Every structure is written in structure tokens, then in C-alpha cells.
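Enquirer: Sending over a structure as C-alpha cells; questions will come in a sec.
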Amino acid sequence: MTTPRIVLDAMGGDNAPGEPVAGALMAAGVLGVELILVGRREAIEAELRGTGTIRDVRVVDAPDVIEMEEHPTEAVRSKPKSSIVVGLEMVKRGEADAFVTAGNTGATMAGALLTLGRVRGIGRPALATIFPAADGKLTMLLDVGANADCRPVHLFQFAHMGAAYMERMFGVARPRVGLLSIGEEESKGNQLTLEVHQLLRGSRLNFIGNVEGKDLPKGMADVVVMDGFTGNVVLKTAEGIAELLFGELRKAVELTPWNKAAGLILMSELRKVKRRLDYAEYGGAQLVGVDGIVVIGHGRSNARAIYNALKAARDAVHNGVLDTMRAVGKEIPARGQGGAGDGAAGDSGED
């Protein structure tokens, strides 16, 4: 098996270039990948100074930076020498196998669509992320932010991509697919979810029906689909609740000497729980449906989150996720179930 070549946007995120470079150094020599740091050369080399010669790490200069607040498409087109665009072009030319960034999500998606294009047969890409659930289970949520507005056929395709991803990456046979809605009953939901429910009910997927927000932490489904607006709200609400929970626990432990003693006894177990609920452990979201491996980390990503994003990209390359998505794109139109095949057929660029 050849060594995966991964491009890391060293200028992406709130803590760049320090944390991306630190994450790359954590990964160097451990993950078995060739790392290419893309960004302002002087800034990257300043972070590398004093670390000695690092094998399998090289720097590619990209003088422009797309800031978080910039308009995605305008920024991509006006800054062709930005770290995001340069990195994606390396993947397009076959000089790298994957691209990782904690930078502007919208710009990364726009750049990926303009540079890599869609997988043939997929109308829209989706951001797919892993959500920790009870008893060590993992659930894939998609879309969590790529598409604020969706048509039924898009969620239908998201479900197929998510199921294929869970099979390929995690070995889940016949993944249980759920549709996020406001009630378990088939009649509950808005017009979008009602139509998607019917499409999924008629598919070959292992569709278990509607799931509610309270069911996500229970691990009732292996894949849960939703529009990107809803998914982003769900994800950020979950992050906020996790931060609140551990903040309140910390206050409670410090309240009395007895609590402090109990906290010391439970510390190792609490740390395990905190790590399991920490976004940094899962390395961000993969943009599935574009014709390349693209992993987008949280804007607040620290070195550990960057390391795990690089690991996720490596695993996606090793497990042939891109080939799996291409196979999904070919299969969906052929099925033609519920009229979805017509809406998804070919590289239509449907919006």
C-alpha cells in the first residue's frame, strides 16, 4: 500500500499556523503519511524552527489566506494563491490524496466544487461527521452544514453516502438509517422530511424511520440524515451542552472538600468521558460527494484535533472512501426509486 500524501492547510483556523503545524508534527512519523504544509512559507517555517529535520514533511508556499469572515465563492476566485485553493489544486492534479483544513468551511466547499467537482451522480456534497452515542456507539450525521436548503433527492443521496461510508470505514453491516424529524410517526415533520421519508421507505437501505433529537445520543441509528441548517444547529447545540455539562461538573467538584475528594477518585473516568465527547477526538467532518478526500476541522481546532483530522483523512484514503462514493453515485440513478434517479442522474450540478 502506497503512503498517503495529505495536504494540510497551515493557515486554516483560529489558531493558525501554530496549532496546525503542531498537529502535523504530532502526526509526522506516527501516521505513516507524507505531509504537505500549505500556506505562508515564512510563517510555517517559523513554527518549524527548532524542531530539526522532519521526515515526510514539506512546505508549499501559498501567500494568500482566506479569512473566516470572507464570502466563500468570491474569496476562492479572488485568491487563487490561497492555502485552500493551492491545496485543493494539488489534490486535483494528483500530487496529493487528501486535503485537510480548519479554515473557512464555505470557502473550502466552494473551492472543492470548483476545483474537484462533484462525484458523478451526486447532486450535492454533504458534510458528514461522527457523533458519539451511548455504549461506545458512533452515529454519522449528515448534512451538518454544507447545504442550508435541500431538496428531497439530496437527503436521499446523503443517506446512501452515509450508509456506504459507515460500511467502508467502520465495518457496519447494513447500517441503520434514520431521518431526523419532530416525531417518530411517519406523518410527522415538514414537507421536506415527509417526502424524504417516502423516498427512503422505498429504497434498499436499512431505513428505520424517523428519529428525534433525543434519540441521537442513544445510538438508535448508524446514520441520520437532515438538511445542513438543521444539522449545524444540532452539532453546535451538542457541543454547547457538552461544554456546559463539564463546566458544571467542575464547579460541583470544587464546591466542598468532600466533593474534591470524590472528584479525585472519579477523575480518570471523567477524563475518559470528556475525551469521548470532545470534538477534537473525531477530527472534523468529511465533505462527501466531491471528487476528492476533503476533511474540514472545527475553526477552534487545537493540535490534537488537527492530528485526528489528518488521521481521518489517512483512513479515508486507505479504505477507498472516494471509490465508494463514486460507486454510490453510479448506483443511485440506476435504482430510480421514488423518482430520485431522475433528479440525481449524471453530473447534473443540480442545486
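Ordering of the C-alpha cells sets the chain letters (A, B, ...); residue numbers start at 1 within each chain; ligands are numbered from 1 in the order shown.
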Skip A:Pro17 itself and residues of its chain fewer than 5 positions away, then list as a PyMOL selection string all residues within 7 Å of it, counting only C-alpha atoms.
Expert: chain A and resi 10-11+44
Enquirer: Mind writing the picked residues with N, CA and C atoms as a PDB file, in the first residue's frame?
Expert:
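Below is the file result_21.pdb, written as the result:
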```pdb
ATOM      1  N   ALA A  10      -2.067  25.014   6.544  1.00  0.00           N
ATOM      2  CA  ALA A  10      -1.418  25.509   7.754  1.00  0.00           C
ATOM      3  C   ALA A  10      -1.941  26.865   8.192  1.00  0.00           C
ATOM      4  N   MET A  11      -2.699  27.543   7.325  1.00  0.00           N
ATOM      5  CA  MET A  11      -3.223  28.865   7.658  1.00  0.00           C
ATOM      6  C   MET A  11      -4.700  28.812   8.044  1.00  0.00           C
ATOM      7  N   ILE A  44       5.111  29.377   8.386  1.00  0.00           N
ATOM      8  CA  ILE A  44       5.203  27.940   8.676  1.00  0.00           C
ATOM      9  C   ILE A  44       6.602  27.581   9.147  1.00  0.00           C
TER      10      ILE A  44
END
```
Enquirer: Extract the full set of strand (DSSP E) residues from stretch 46-173 of chain A according to DSSP on the backbone, and format it as a list of chain:residue names.
Expert: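 Output for stretch 46-173 of chain A, strand (DSSP E) only: A:Val57, A:Arg58, A:Val59, A:Val60, A:Asp61, A:Ala98, A:Phe99, A:Val100, A:Thr101, A:Ala126, A:Leu127, A:Ala128, A:Thr129, A:Ile130, A:Phe131, A:Pro132, A:Leu138, A:Thr139, A:Met140, A:Leu141, A:Leu142.
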Enquirer: Within stretch 11-98 of chain A, find each residue whose DSSP state, derived from the backbone, is helix (DSSP H, G or I), and express the selection as a count of residues only.
Expert: 35
Enquirer: Which one is closest to A:Val91: A:Leu48, A:Ile241, A:Ile265, A:Leu8? Count only C-alpha atoms.
Expert: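 Of A:Leu48, A:Ile241, A:Ile265, A:Leu8, the one nearest A:Val91, counting only C-alpha atoms, is A:Leu8.
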Enquirer: Could you jot down the atom CA of A:Glu74 to atom CA of A:Ala102 separation for me, Å, one decimal place?
Expert: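 Spanning atom CA of A:Glu74 to atom CA of A:Ala102 is a straight-line distance of 18.9 Å.
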Enquirer: Could you give me, as a VMD selection string, the residues within 10 Å of A:Asp135, counting only C-alpha atoms and dropping anything in the same chain fewer than 6 positions from it?
Expert: chain A and resid 217 to 219
Enquirer: Deliver the residues from the most recent selection as a file, using N, CA and C atoms, as a PDB file, in the first residue's frame.
Expert:
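Dumped to part_22.pdb:
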```
ATOM      1  N   PRO A 217     -28.200  10.711  20.951  1.00  0.00           N
ATOM      2  CA  PRO A 217     -27.197  10.188  21.887  1.00  0.00           C
ATOM      3  C   PRO A 217     -27.411   8.729  22.267  1.00  0.00           C
ATOM      4  N   LYS A 218     -28.556   8.159  21.925  1.00  0.00           N
ATOM      5  CA  LYS A 218     -28.843   6.766  22.275  1.00  0.00           C
ATOM      6  C   LYS A 218     -28.257   5.785  21.265  1.00  0.00           C
ATOM      7  N   GLY A 219     -27.812   6.298  20.118  1.00  0.00           N
ATOM      8  CA  GLY A 219     -27.244   5.421  19.106  1.00  0.00           C
ATOM      9  C   GLY A 219     -28.265   4.522  18.445  1.00  0.00           C
TER      10      GLY A 219
END
```
Enquirer: What is the atom CA of A:Ala96 to atom CA of A:Arg5 distance in Å?
Expert: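 These atoms are spaced 4.8 Å apart.
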Enquirer: Please determine, counting only C-alpha atoms, which residue among A:Pro4, A:Ile293, A:Glu69, A:Arg58 has the shortest atom-to-atom distance to A:Gly32.
Expert: A:Pro4
Enquirer: Given the choices A:Arg120, A:Arg250, A:Arg176, A:Arg300, which gets closest to A:Val328 if the distance is worked out from only C-alpha atoms?
Expert: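 Of A:Arg120, A:Arg250, A:Arg176, A:Arg300, the one nearest A:Val328 is A:Arg120, counting only C-alpha atoms.
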Enquirer: Using only C-alpha atoms, which residues of stretch 66-152 of chain A come within 12 Å of stretch 183-199 of chain A, and what is the closest atom pair for each, with the distance in Å to one decimal? Give it as a Markdown table, sorted by chain and residue number.
Expert:
```
| residue | atom | partner | partner_atom | distance |
| --- | --- | --- | --- | --- |
| A:Asp149 | CA | A:Leu192 | CA | 9.8 |
| A:Cys150 | CA | A:Leu192 | CA | 8.0 |
| A:Arg151 | CA | A:Leu192 | CA | 6.9 |
| A:Pro152 | CA | A:Val196 | CA | 5.0 |
```
Enquirer: Go ahead and write the residues just picked, N, CA, C and O atoms, as a tab-separated table (two decimals), in the first residue's frame.
Expert:
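Wrote it out as out.tsv, contents follow:
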```
chain	number	residue	atom	x	y	z
A	149	ASP	N	-30.35	24.69	2.54
A	149	ASP	CA	-31.63	24.30	1.93
A	149	ASP	C	-31.40	23.08	1.05
A	149	ASP	O	-30.45	23.05	0.26
A	150	CYS	N	-32.27	22.11	1.15
A	150	CYS	CA	-32.12	20.87	0.39
A	150	CYS	C	-33.45	20.45	-0.23
A	150	CYS	O	-34.52	20.79	0.27
A	151	ARG	N	-33.34	19.69	-1.31
A	151	ARG	CA	-34.49	19.01	-1.89
A	151	ARG	C	-34.51	17.57	-1.37
A	151	ARG	O	-33.49	17.05	-0.90
A	152	PRO	N	-35.66	16.91	-1.47
A	152	PRO	CA	-35.74	15.52	-1.01
A	152	PRO	C	-34.67	14.61	-1.60
A	152	PRO	O	-34.10	13.78	-0.91
```
